[in-house]
Amino acid sequence: MAYGDKIQAAREALPREEFLELINRGLTNKDVAGVKGIDLPNVRKLKQEYGLIGITPNRGGRPRKELDDMENDKLNNQETCQRMTINQALKFQEKLQKEQTCTSNLLCGEELAPVVEELLKKHLDEVVGTLEQIKQVFESTEIAI
């Protein structure tokens, strides 16, 4: 992709208002690049183009959590994926199955604080979703031996 195309794609992915909102949430240029999937030099170019140079992130309170939530949303939307060998995927699947069992056992055990129970249920849903993705990959992949 030519440079002009990359910067145009960056403009479309990151309008000025959204960039300003991310800065105000406490994200650095590097954070914005990671969350939006834009090269860091293009993030800097947009910051200059949009007249946002000199506006620094507010590093108080919640920005890290918001960044983590945004990264999770990005992963849940399958905009990115992790590449691994079949052997690595099998080991990862085994680890997740153990994690699923342990989390399920915790949820079935003694009464938990509501916040803890909610977190465990969310985690269990993520584990089950990832296991389903691995299963789909295994079912749709052919290898020649």
# chains A, B, ... in the order shown; residues from 1 in each chain; ligands from 1
>>> residues_around(residues="segment 134-140 of chain A", least_positions_apart="2", cutoff="10 Å", atoms="only C-alpha atoms", output="CSV table (one decimal) with N, CA and C atoms, in the first residue's frame")
chain,number,residue,atom,x,y,z
A,86,ILE,N,0.5,-25.9,15.0
A,86,ILE,CA,-0.5,-26.9,15.5
A,86,ILE,C,-0.2,-27.4,16.9
A,89,ALA,N,-1.0,-24.8,19.4
A,89,ALA,CA,-2.5,-24.7,19.5
A,89,ALA,C,-3.0,-25.8,20.4
A,90,LEU,N,-2.5,-27.0,20.2
A,90,LEU,CA,-2.9,-28.1,21.0
A,90,LEU,C,-2.6,-27.9,22.5
A,92,PHE,N,-2.2,-25.0,23.9
A,92,PHE,CA,-3.0,-23.8,24.4
A,92,PHE,C,-4.4,-24.3,24.6
A,93,GLN,N,-4.9,-25.2,23.8
A,93,GLN,CA,-6.2,-25.8,24.0
A,93,GLN,C,-6.3,-26.6,25.3
A,128,VAL,N,-14.4,-20.3,26.8
A,128,VAL,CA,-15.2,-21.1,26.0
A,128,VAL,C,-15.2,-20.6,24.5
A,129,GLY,N,-15.3,-19.3,24.4
A,129,GLY,CA,-15.2,-18.7,23.0
A,129,GLY,C,-13.9,-19.0,22.3
A,130,THR,N,-12.8,-18.9,23.0
A,130,THR,CA,-11.5,-19.2,22.4
A,130,THR,C,-11.4,-20.7,22.1
A,131,LEU,N,-11.9,-21.6,23.0
A,131,LEU,CA,-11.9,-23.0,22.7
A,131,LEU,C,-12.7,-23.3,21.4
A,132,GLU,N,-13.8,-22.6,21.3
A,132,GLU,CA,-14.7,-22.8,20.1
A,132,GLU,C,-13.9,-22.4,18.8
A,142,GLU,N,-6.7,-28.6,6.8
A,142,GLU,CA,-6.3,-29.9,6.3
A,142,GLU,C,-4.7,-29.9,6.3
>>> atom_distance(atom1="atom CA of Met84 of chain A", atom2="atom CA of Leu124 of chain A")
22.3 Å
>>> residues_around(residues="segment 40-53 of chain A", least_positions_apart="6", cutoff="9 Å", atoms="only C-alpha atoms", output="PyMOL selection string")
chain A and resi 6-7+10-11+14-16+19-20+29-30+32-34
>>> write_last_selection(atoms="N, CA and C atoms", output="mmCIF file, in the first residue's frame")
data_model
loop_
_atom_site.group_PDB
_atom_site.id
_atom_site.type_symbol
_atom_site.label_atom_id
_atom_site.label_comp_id
_atom_site.auth_asym_id
_atom_site.auth_seq_id
_atom_site.Cartn_x
_atom_site.Cartn_y
_atom_site.Cartn_z
ATOM 1 N N LYS A 6 -2.033 4.768 2.817
ATOM 2 C CA LYS A 6 -1.943 4.463 4.247
ATOM 3 C C LYS A 6 -2.432 5.622 5.104
ATOM 4 N N ILE A 7 -2.031 6.839 4.741
ATOM 5 C CA ILE A 7 -2.440 7.984 5.548
ATOM 6 C C ILE A 7 -3.937 8.238 5.374
ATOM 7 N N ALA A 10 -5.643 5.769 7.495
ATOM 8 C CA ALA A 10 -5.498 6.195 8.893
ATOM 9 C C ALA A 10 -6.506 7.295 9.216
ATOM 10 N N ARG A 11 -6.703 8.247 8.289
ATOM 11 C CA ARG A 11 -7.694 9.312 8.504
ATOM 12 C C ARG A 11 -9.091 8.729 8.683
ATOM 13 N N LEU A 14 -9.331 6.906 12.047
ATOM 14 C CA LEU A 14 -9.149 7.742 13.235
ATOM 15 C C LEU A 14 -9.489 9.203 12.935
ATOM 16 N N PRO A 15 -10.780 9.543 12.943
ATOM 17 C CA PRO A 15 -11.168 10.940 12.754
ATOM 18 C C PRO A 15 -10.645 11.813 13.905
ATOM 19 N N ARG A 16 -10.540 13.099 13.663
ATOM 20 C CA ARG A 16 -9.976 14.029 14.643
ATOM 21 C C ARG A 16 -10.686 13.936 15.997
ATOM 22 N N PHE A 19 -9.682 10.856 17.839
ATOM 23 C CA PHE A 19 -8.293 10.968 18.280
ATOM 24 C C PHE A 19 -8.235 11.833 19.537
ATOM 25 N N LEU A 20 -8.917 12.962 19.521
ATOM 26 C CA LEU A 20 -8.922 13.849 20.677
ATOM 27 C C LEU A 20 -9.514 13.151 21.897
ATOM 28 N N ASN A 29 0.439 8.290 21.918
ATOM 29 C CA ASN A 29 0.457 8.003 20.479
ATOM 30 C C ASN A 29 0.644 6.505 20.243
ATOM 31 N N LYS A 30 1.524 5.892 21.016
ATOM 32 C CA LYS A 30 1.787 4.458 20.874
ATOM 33 C C LYS A 30 0.537 3.638 21.216
ATOM 34 N N VAL A 32 -2.586 4.661 20.964
ATOM 35 C CA VAL A 32 -3.553 4.888 19.880
ATOM 36 C C VAL A 32 -3.184 4.022 18.677
ATOM 37 N N ALA A 33 -1.900 3.971 18.359
ATOM 38 C CA ALA A 33 -1.451 3.156 17.230
ATOM 39 C C ALA A 33 -1.831 1.693 17.437
ATOM 40 N N GLY A 34 -1.611 1.191 18.641
ATOM 41 C CA GLY A 34 -1.926 -0.202 18.936
ATOM 42 C C GLY A 34 -3.416 -0.490 18.898
#
>>> closest_residue(among="A:Ile38, A:Leu120, A:Thr85, A:Gly54", to="Ile23 of chain A", atoms="only C-alpha atoms")
A:Gly54
>>> atom_distance(atom1="atom CA of Ala113 of chain A", atom2="atom CA of Gln100 of chain A")
19.5 Å
>>> atom_distance(atom1="atom CA of Cys108 of chain A", atom2="atom CA of Glu126 of chain A")
17.8 Å
>>> residues_around(residues="Cys102 of chain A", least_positions_apart="4", cutoff="12 Å", atoms="only C-alpha atoms", output="list in words")
Lys95, Leu96, Gln97, Lys98, Leu106, Leu107, Cys108, Gly109, Leu120, Lys121, His123, Leu124 and Val127 of chain A
